[in-house]
Amino acid sequence: MNHLYYGDTLDAPRRRASFRAVLLLGVVVIGRFFPQPTDNLRAWRLAAWIVSGGVYAAHIWYEHFRLRSSPRMTALRVAEAVAIGGFALAVAGMIRSLSATSAIRPAWLLALVIWPAVTAVPAFLGALVSAAILRRYDSKAPAVP
């Protein structure tokens, strides 16, 4: 059996490359190309949601088909990426608030913890279910003991 199938023993260089790819997609594609526009705000937000969903699905696909990770590892890595994105959103909001008011409200410090948790938990559950379904119908996947 291929030791990379379950992803638990994924070597460090491949793990770093995977992390860089996810970070690049999240920060550059979504964070840079979907800032607060001056016109058609609803359309831009909808587009950002659609692209975010695509990145989420692509990450699950990558973990399952390319890295051959187990459903649990897929869900953990996807949730980790989503939590980093939630944290980055909280930091960006805090910086924007700081530039407008020149003081950090305590709510922003709380957001640094809450936003990653609130985004990561549903992302973990969704990725776990999706990866388990993919595993069940993947003809190349070994049987789960």
# chains A, B, ... in the order shown; residues from 1 in each chain; ligands from 1
>>> residues_around(residues="range 112-117 of chain A", least_positions_apart="2", cutoff="9 Å", atoms="only C-alpha atoms", output="compact mmCIF listing (two decimals) with C-alpha atoms, in the first residue's frame")
# COMPACT_ATOMS: atom_id res chain seq x y z
CA GLU A 80 -6.89 24.57 9.31
CA VAL A 82 -10.30 27.97 6.75
CA ALA A 83 -9.29 28.93 10.31
CA ILE A 84 -6.25 30.77 8.95
CA GLY A 85 -8.56 32.60 6.57
CA GLY A 86 -10.92 33.49 9.43
CA PHE A 87 -7.99 34.79 11.44
CA ALA A 88 -6.76 36.84 8.47
CA LEU A 89 -10.23 38.35 8.09
CA ALA A 90 -10.26 39.30 11.76
CA VAL A 91 -6.81 40.88 11.47
CA MET A 94 -9.01 45.05 13.15
CA ALA A 107 -14.24 43.05 20.45
CA TRP A 108 -11.54 42.77 17.79
CA LEU A 109 -9.28 40.86 20.16
CA LEU A 110 -12.14 38.46 20.78
CA THR A 119 -15.37 29.18 10.36
CA ALA A 120 -13.24 26.09 11.02
CA VAL A 121 -15.83 23.92 12.78
CA PRO A 122 -18.38 23.88 9.92
>>> residues_around(residues="Tyr56 in chain A", least_positions_apart="3", cutoff="10 Å", atoms="only C-alpha atoms", output="ChimeraX atom specification")
/A:22,26,50-53,59-62,78-79,81-82,123,126-127
>>> atom_distance(atom1="CA of Ser69 in chain A", atom2="CA of Leu24 in chain A")
20.9 Å
>>> atom_distance(atom1="CA of Ser99 in chain A", atom2="CA of Leu46 in chain A")
26.2 Å
>>> closest_residue(among="A:Arg42, A:Ala48, A:Phe65, A:Leu128", to="Lys140 in chain A", atoms="only C-alpha atoms")
A:Phe65
>>> atom_distance(atom1="CA of Leu76 in chain A", atom2="CA of Leu125 in chain A")
9.4 Å
>>> decode(residues="range 20-116 of chain A", atoms="C-alpha atoms", output="PDB file, in the first residue's frame")
ATOM      1  CA  ARG A  20       1.745  27.559   0.327  1.00  0.00           C
ATOM      2  CA  ALA A  21      -0.738  26.752  -2.448  1.00  0.00           C
ATOM      3  CA  VAL A  22      -3.727  27.128  -0.126  1.00  0.00           C
ATOM      4  CA  LEU A  23      -2.346  30.344   1.356  1.00  0.00           C
ATOM      5  CA  LEU A  24      -1.655  31.741  -2.103  1.00  0.00           C
ATOM      6  CA  LEU A  25      -5.197  31.000  -3.265  1.00  0.00           C
ATOM      7  CA  GLY A  26      -6.798  32.439  -0.159  1.00  0.00           C
ATOM      8  CA  VAL A  27      -4.746  35.575   0.247  1.00  0.00           C
ATOM      9  CA  VAL A  28      -3.932  36.508  -3.326  1.00  0.00           C
ATOM     10  CA  VAL A  29      -7.031  35.397  -5.184  1.00  0.00           C
ATOM     11  CA  ILE A  30      -9.750  36.156  -2.664  1.00  0.00           C
ATOM     12  CA  GLY A  31      -8.080  38.682  -0.387  1.00  0.00           C
ATOM     13  CA  ARG A  32      -6.563  40.765  -3.140  1.00  0.00           C
ATOM     14  CA  PHE A  33      -9.085  40.565  -5.961  1.00  0.00           C
ATOM     15  CA  PHE A  34     -12.224  40.904  -3.846  1.00  0.00           C
ATOM     16  CA  PRO A  35     -11.587  43.932  -1.630  1.00  0.00           C
ATOM     17  CA  GLN A  36     -14.450  46.250  -0.878  1.00  0.00           C
ATOM     18  CA  PRO A  37     -15.333  47.669  -4.301  1.00  0.00           C
ATOM     19  CA  THR A  38     -16.991  51.016  -4.840  1.00  0.00           C
ATOM     20  CA  ASP A  39     -19.785  49.683  -7.048  1.00  0.00           C
ATOM     21  CA  ASN A  40     -21.886  46.502  -7.206  1.00  0.00           C
ATOM     22  CA  LEU A  41     -20.994  45.491  -3.660  1.00  0.00           C
ATOM     23  CA  ARG A  42     -23.515  42.619  -3.564  1.00  0.00           C
ATOM     24  CA  ALA A  43     -22.239  41.150  -6.821  1.00  0.00           C
ATOM     25  CA  TRP A  44     -18.613  41.291  -5.650  1.00  0.00           C
ATOM     26  CA  ARG A  45     -19.497  39.662  -2.319  1.00  0.00           C
ATOM     27  CA  LEU A  46     -21.420  36.917  -4.108  1.00  0.00           C
ATOM     28  CA  ALA A  47     -18.454  36.364  -6.420  1.00  0.00           C
ATOM     29  CA  ALA A  48     -16.122  36.151  -3.406  1.00  0.00           C
ATOM     30  CA  TRP A  49     -18.420  33.548  -1.801  1.00  0.00           C
ATOM     31  CA  ILE A  50     -18.491  31.511  -5.023  1.00  0.00           C
ATOM     32  CA  VAL A  51     -14.713  31.635  -5.431  1.00  0.00           C
ATOM     33  CA  SER A  52     -14.256  30.740  -1.739  1.00  0.00           C
ATOM     34  CA  GLY A  53     -16.536  27.739  -2.194  1.00  0.00           C
ATOM     35  CA  GLY A  54     -14.528  26.711  -5.230  1.00  0.00           C
ATOM     36  CA  VAL A  55     -11.260  26.960  -3.307  1.00  0.00           C
ATOM     37  CA  TYR A  56     -12.822  24.915  -0.469  1.00  0.00           C
ATOM     38  CA  ALA A  57     -13.954  22.188  -2.889  1.00  0.00           C
ATOM     39  CA  ALA A  58     -10.609  22.236  -4.707  1.00  0.00           C
ATOM     40  CA  HIS A  59      -8.779  21.790  -1.414  1.00  0.00           C
ATOM     41  CA  ILE A  60     -10.906  18.755  -0.556  1.00  0.00           C
ATOM     42  CA  TRP A  61     -10.308  17.362  -4.063  1.00  0.00           C
ATOM     43  CA  TYR A  62      -6.549  17.967  -3.788  1.00  0.00           C
ATOM     44  CA  GLU A  63      -6.298  16.303  -0.398  1.00  0.00           C
ATOM     45  CA  HIS A  64      -8.314  13.274  -1.516  1.00  0.00           C
ATOM     46  CA  PHE A  65      -7.135  12.646  -5.078  1.00  0.00           C
ATOM     47  CA  ARG A  66      -3.616  14.090  -5.156  1.00  0.00           C
ATOM     48  CA  LEU A  67      -2.348  13.553  -1.619  1.00  0.00           C
ATOM     49  CA  ARG A  68      -4.583  10.521  -0.995  1.00  0.00           C
ATOM     50  CA  SER A  69      -5.299  11.721   2.546  1.00  0.00           C
ATOM     51  CA  SER A  70      -7.747  10.017   4.838  1.00  0.00           C
ATOM     52  CA  PRO A  71     -11.095  11.763   5.398  1.00  0.00           C
ATOM     53  CA  ARG A  72      -9.978  12.821   8.877  1.00  0.00           C
ATOM     54  CA  MET A  73      -6.711  14.343   7.650  1.00  0.00           C
ATOM     55  CA  THR A  74      -8.505  16.006   4.743  1.00  0.00           C
ATOM     56  CA  ALA A  75     -11.002  17.580   7.127  1.00  0.00           C
ATOM     57  CA  LEU A  76      -8.266  18.704   9.528  1.00  0.00           C
ATOM     58  CA  ARG A  77      -6.188  20.340   6.804  1.00  0.00           C
ATOM     59  CA  VAL A  78      -9.160  22.028   5.170  1.00  0.00           C
ATOM     60  CA  ALA A  79     -10.390  23.298   8.543  1.00  0.00           C
ATOM     61  CA  GLU A  80      -6.893  24.568   9.305  1.00  0.00           C
ATOM     62  CA  ALA A  81      -6.849  26.554   6.055  1.00  0.00           C
ATOM     63  CA  VAL A  82     -10.305  27.969   6.749  1.00  0.00           C
ATOM     64  CA  ALA A  83      -9.290  28.928  10.307  1.00  0.00           C
ATOM     65  CA  ILE A  84      -6.247  30.770   8.947  1.00  0.00           C
ATOM     66  CA  GLY A  85      -8.563  32.596   6.566  1.00  0.00           C
ATOM     67  CA  GLY A  86     -10.924  33.488   9.427  1.00  0.00           C
ATOM     68  CA  PHE A  87      -7.987  34.791  11.444  1.00  0.00           C
ATOM     69  CA  ALA A  88      -6.756  36.841   8.469  1.00  0.00           C
ATOM     70  CA  LEU A  89     -10.228  38.354   8.085  1.00  0.00           C
ATOM     71  CA  ALA A  90     -10.262  39.295  11.756  1.00  0.00           C
ATOM     72  CA  VAL A  91      -6.808  40.879  11.473  1.00  0.00           C
ATOM     73  CA  ALA A  92      -7.844  42.804   8.353  1.00  0.00           C
ATOM     74  CA  GLY A  93     -10.997  44.024  10.095  1.00  0.00           C
ATOM     75  CA  MET A  94      -9.015  45.049  13.150  1.00  0.00           C
ATOM     76  CA  ILE A  95      -6.496  46.976  11.037  1.00  0.00           C
ATOM     77  CA  ARG A  96      -9.281  48.695   9.117  1.00  0.00           C
ATOM     78  CA  SER A  97     -11.015  49.623  12.385  1.00  0.00           C
ATOM     79  CA  LEU A  98      -7.736  50.851  13.829  1.00  0.00           C
ATOM     80  CA  SER A  99      -7.135  53.091  10.829  1.00  0.00           C
ATOM     81  CA  ALA A 100     -10.626  54.585  11.193  1.00  0.00           C
ATOM     82  CA  THR A 101     -10.743  55.024  14.981  1.00  0.00           C
ATOM     83  CA  SER A 102      -7.051  54.902  16.014  1.00  0.00           C
ATOM     84  CA  ALA A 103      -7.933  52.511  18.842  1.00  0.00           C
ATOM     85  CA  ILE A 104      -8.415  48.750  19.022  1.00  0.00           C
ATOM     86  CA  ARG A 105     -11.748  47.805  20.513  1.00  0.00           C
ATOM     87  CA  PRO A 106     -11.717  44.715  22.782  1.00  0.00           C
ATOM     88  CA  ALA A 107     -14.241  43.050  20.453  1.00  0.00           C
ATOM     89  CA  TRP A 108     -11.541  42.771  17.790  1.00  0.00           C
ATOM     90  CA  LEU A 109      -9.276  40.863  20.157  1.00  0.00           C
ATOM     91  CA  LEU A 110     -12.135  38.463  20.776  1.00  0.00           C
ATOM     92  CA  ALA A 111     -12.715  38.184  17.019  1.00  0.00           C
ATOM     93  CA  LEU A 112      -9.140  36.903  16.587  1.00  0.00           C
ATOM     94  CA  VAL A 113     -10.236  33.770  18.460  1.00  0.00           C
ATOM     95  CA  ILE A 114     -13.908  33.502  17.541  1.00  0.00           C
ATOM     96  CA  TRP A 115     -13.725  33.972  13.755  1.00  0.00           C
ATOM     97  CA  PRO A 116     -11.276  31.100  13.176  1.00  0.00           C
TER      98      PRO A 116
END
